[in-house]
Amino acid sequence: MTDIFDSVKKMASVDRNPYLDAAIADGSKVIGYFCSYVPEEIIHAAGMIPYRMRAVDNRGTDRGSVYYSAINCSFVRSCFGKALEGDFSFLDGIVFSNGCDHLRRMYDNWRYAGTGPRFRHMFVAPHITGDTALVRFTDELRGFAGSIENHYGVKISVDALKDSVRLYNEKRRLLAQLYEYRKSGEVPVRGSELLSLMLAVTMMPAVDAINLIRDVLAAVPGRAVSGKDDIRVYISSGCMEETAHLELIESCGAAIVADNLCLGSRHFDTIADEEGDPYESLARRYLRHLSCPRMMNSFKQRLDFLENAFSEYAVDAVIAEKLKFCDLWGGDMYLMKQESRKKRFPILLLERELYGGGDGQIRTRVQAFVEQVRNKIYSETGMVRAAGAGYRTSGK
Ligand code: SF4
């Protein structure tokens, strides 16, 4: 019998999975979107399937680099290269985002190249939180819904949007339950497996996604995947979709138990209020969920989330990553390094290219880091701790 985690991994490694294919065959429209600030609920309430854009199965950055500069990150160059290859020809529309300036340029390049579907919407999310930003963002959400209504000749009713809010809340609650299992004791699900699941459930109809997460949840109790001497790691990064990269880290003795990833905690952290105006509740949810460094006044929120993970998930150490040329995550990693000195938690900073190889060098650095953290645990406790025993090295 095929293991559910193997099936999920297979689904995550391609642009389309059987659930998406079945929905397309039934006549459903699929709308691609970039970034965790675009509300999937609005696309769903219009009767369409939101599809989180990714560069899986990419064939390099050569084509994307014709339009982009070589000092743009490899996520945007890979994704755009795939668009030029026609890999996203099944999409009926695309929502671009000002997540960062590299991503924002995707909108321009897509238009210059004249590729892809006719519906191309530029979604603009504020770069700060606060009351003024909330008002502005609520307007943006209404404008986004109006843009879909005008282009496709559909109506997004308030009731339909409320139903979508409830459905996506359910999906987020289930994902949160899955993370609960990693809070203590043996680690029952790998970080790489969760990344696969996130990739899979962000490219299929929401009801199928919910059923799939339930199946995974049912397979988790009693499962143990961490090694006896594994350290417990928190990982943070922006555009990360390479499951093989996380497998490499895990094979070095680092059990990933918590994260701040787009395709991780940021996807399900904070649910939308199911009462009241759904645009206002979605604006609050998307503006205030666990942030990434594009939010200029939210470093404290990310730091509080990390500190909480030390106690809730018994985290021993942090791995913070960025893609080359990503200034947003570069700035955040600098701040995290300062915090690690003040609060005495071990941190490893990694820089990589999306699907860029360099595995040997990464392995050497992670192995050395894991050894260093193990020695720290040993010197503080006099014993090598089994993964999940709940020891913290942060000195708090
Ligand atoms: S990795 Fe950084 S530069 Fe690239 S799209 Fe993500 S946030 Fe933007």
# chains A, B, ... in the order shown; residues from 1 in each chain; ligands from 1
$ residues_near_ligand --ligand "ligand 1" --cutoff "9 Å" --atoms "only C-alpha atoms and all ligand atoms" --output "ChimeraX atom specification"
/A:34-35,72-77,98-104,237-240,292-294,322-330,354
$ select_by_dssp --residues "region 59-256 of chain A" --states "strand (DSSP E or B)" --output "PyMOL selection string"
chain A and resi 93-97+119-123+231-236+254-256
$ residues_around --residues "Arg284 (chain A)" --least-positions-apart "5" --cutoff "12 Å" --atoms "only C-alpha atoms" --output "list of chain:residue names"
A:Tyr37, A:Pro39, A:Ala125, A:Pro126, A:Thr129, A:Gly130, A:Asp131, A:Thr132, A:Ala133, A:Leu134, A:Val135, A:Arg136, A:Phe137, A:Thr138, A:Leu141, A:Thr270, A:Ile271, A:Ala272, A:Asp273, A:Glu274, A:Gly276, A:Asp277, A:Pro278, A:Tyr279, A:His289, A:Leu290
$ write_last_selection --atoms "N, CA and C atoms" --output "CSV table (one decimal), in the first residue's frame"
chain,number,residue,atom,x,y,z
A,37,TYR,N,0.1,37.1,1.0
A,37,TYR,CA,-0.8,38.2,1.3
A,37,TYR,C,-2.0,38.3,0.4
A,39,PRO,N,-5.5,36.9,-0.6
A,39,PRO,CA,-6.5,36.1,0.0
A,39,PRO,C,-7.1,35.1,-0.9
A,125,ALA,N,-0.3,44.9,-1.4
A,125,ALA,CA,-0.6,44.9,0.1
A,125,ALA,C,0.3,45.9,0.8
A,126,PRO,N,-0.1,46.5,1.8
A,126,PRO,CA,0.7,47.5,2.6
A,126,PRO,C,2.0,46.8,3.1
A,129,THR,N,1.8,47.3,9.2
A,129,THR,CA,0.5,47.0,9.8
A,129,THR,C,0.0,48.3,10.5
A,130,GLY,N,-1.1,48.2,11.1
A,130,GLY,CA,-1.6,49.4,11.7
A,130,GLY,C,-3.0,49.8,11.2
A,131,ASP,N,-3.7,50.7,11.8
A,131,ASP,CA,-5.1,51.0,11.5
A,131,ASP,C,-5.2,51.6,10.1
A,132,THR,N,-4.3,52.5,9.7
A,132,THR,CA,-4.4,53.1,8.4
A,132,THR,C,-4.2,52.1,7.3
A,133,ALA,N,-3.2,51.2,7.5
A,133,ALA,CA,-2.9,50.1,6.6
A,133,ALA,C,-4.1,49.2,6.4
A,134,LEU,N,-4.8,49.0,7.5
A,134,LEU,CA,-5.9,48.0,7.5
A,134,LEU,C,-7.1,48.6,6.6
A,135,VAL,N,-7.3,49.9,6.8
A,135,VAL,CA,-8.4,50.5,5.9
A,135,VAL,C,-8.0,50.4,4.4
A,136,ARG,N,-6.7,50.7,4.2
A,136,ARG,CA,-6.2,50.7,2.8
A,136,ARG,C,-6.3,49.2,2.2
A,137,PHE,N,-5.9,48.3,3.1
A,137,PHE,CA,-5.9,46.9,2.6
A,137,PHE,C,-7.3,46.3,2.4
A,138,THR,N,-8.3,46.8,3.3
A,138,THR,CA,-9.7,46.4,3.1
A,138,THR,C,-10.1,46.8,1.7
A,141,LEU,N,-8.8,44.6,-1.0
A,141,LEU,CA,-9.5,43.4,-1.1
A,141,LEU,C,-10.8,43.5,-1.9
A,270,THR,N,-3.1,32.2,12.4
A,270,THR,CA,-4.2,33.2,12.5
A,270,THR,C,-5.4,32.9,11.5
A,271,ILE,N,-6.5,32.7,12.1
A,271,ILE,CA,-7.7,32.5,11.2
A,271,ILE,C,-8.5,33.8,11.1
A,272,ALA,N,-9.4,33.8,10.1
A,272,ALA,CA,-10.2,35.1,9.9
A,272,ALA,C,-11.5,35.0,10.7
A,273,ASP,N,-11.9,36.1,11.2
A,273,ASP,CA,-13.1,36.2,12.0
A,273,ASP,C,-14.3,35.8,11.0
A,274,GLU,N,-15.1,34.9,11.5
A,274,GLU,CA,-16.2,34.4,10.7
A,274,GLU,C,-17.5,35.3,10.8
A,276,GLY,N,-19.3,39.3,10.9
A,276,GLY,CA,-19.1,40.6,10.4
A,276,GLY,C,-18.7,40.7,8.9
A,277,ASP,N,-18.2,41.8,8.5
A,277,ASP,CA,-17.9,42.0,7.1
A,277,ASP,C,-16.7,41.1,6.7
A,278,PRO,N,-16.9,40.2,5.7
A,278,PRO,CA,-15.8,39.3,5.4
A,278,PRO,C,-14.5,40.0,4.8
A,279,TYR,N,-14.7,41.1,4.2
A,279,TYR,CA,-13.6,41.8,3.6
A,279,TYR,C,-12.7,42.4,4.8
A,289,HIS,N,-1.4,38.2,10.1
A,289,HIS,CA,-0.8,36.8,10.4
A,289,HIS,C,0.7,36.9,10.5
A,290,LEU,N,1.3,35.8,10.9
A,290,LEU,CA,2.7,35.8,11.1
A,290,LEU,C,3.4,36.4,9.8
$ closest_residue --among "A:Glu280, A:Glu242, A:Glu193, A:Glu275" --to "Val257 (chain A)" --atoms "only C-alpha atoms"
A:Glu193
$ residues_around --residues "region 303-311 of chain A" --least-positions-apart "5" --cutoff "12 Å" --atoms "only C-alpha atoms" --output "PyMOL selection string"
chain A and resi 179-180+182-184+232-236+256-261+265-266+269+289-293+297-298+316-320+332-333+335-340+343-347+388-396
$ write_last_selection --atoms "C-alpha atoms" --output "compact mmCIF listing (two decimals), in the first residue's frame"
# COMPACT_ATOMS: atom_id res chain seq x y z
CA TYR A 179 1.97 21.16 13.89
CA GLU A 180 0.69 20.45 17.42
CA ARG A 182 5.58 18.30 16.80
CA LYS A 183 5.42 20.21 20.05
CA SER A 184 6.92 17.53 22.24
CA ARG A 232 15.21 20.25 17.38
CA VAL A 233 15.36 23.04 14.84
CA TYR A 234 13.30 26.10 13.92
CA ILE A 235 13.71 27.15 10.31
CA SER A 236 12.90 30.50 8.76
CA ILE A 256 12.71 20.48 11.93
CA VAL A 257 9.91 21.04 14.44
CA ALA A 258 8.83 24.64 13.87
CA ASP A 259 9.16 27.30 11.19
CA ASN A 260 8.42 30.68 9.79
CA LEU A 261 7.99 29.76 6.11
CA SER A 265 3.34 28.47 9.65
CA ARG A 266 2.66 31.67 7.71
CA ASP A 269 -1.20 31.09 11.45
CA HIS A 289 -0.83 36.84 10.37
CA LEU A 290 2.73 35.77 11.07
CA SER A 291 4.72 38.14 8.91
CA CYS A 292 7.76 37.95 6.66
CA PRO A 293 10.32 40.75 6.37
CA ASN A 297 7.32 47.14 11.33
CA SER A 298 6.86 43.53 12.33
CA ASP A 316 17.29 23.88 20.39
CA ALA A 317 18.56 25.95 17.49
CA VAL A 318 17.62 28.12 14.53
CA ILE A 319 18.46 27.82 10.85
CA ALA A 320 17.72 31.05 8.98
CA ASP A 332 16.01 39.93 8.84
CA MET A 333 18.83 37.43 9.20
CA LEU A 335 18.66 41.18 13.06
CA MET A 336 18.17 37.55 14.07
CA LYS A 337 21.92 37.11 14.42
CA GLN A 338 22.02 40.10 16.79
CA GLU A 339 19.19 38.58 18.82
CA SER A 340 20.95 35.21 18.94
CA LYS A 343 19.63 35.71 23.95
CA ARG A 344 22.31 33.05 23.47
CA PHE A 345 20.56 30.73 21.07
CA PRO A 346 22.51 28.92 18.34
CA ILE A 347 21.80 30.09 14.81
CA GLY A 388 11.69 15.59 21.92
CA ALA A 389 12.87 15.59 25.53
CA GLY A 390 12.03 19.27 25.73
CA TYR A 391 15.40 20.77 26.59
CA ARG A 392 16.09 24.36 25.57
CA THR A 393 19.50 25.88 24.93
CA SER A 394 18.33 29.48 24.85
CA GLY A 395 19.28 30.08 28.46
CA LYS A 396 15.92 31.67 29.23
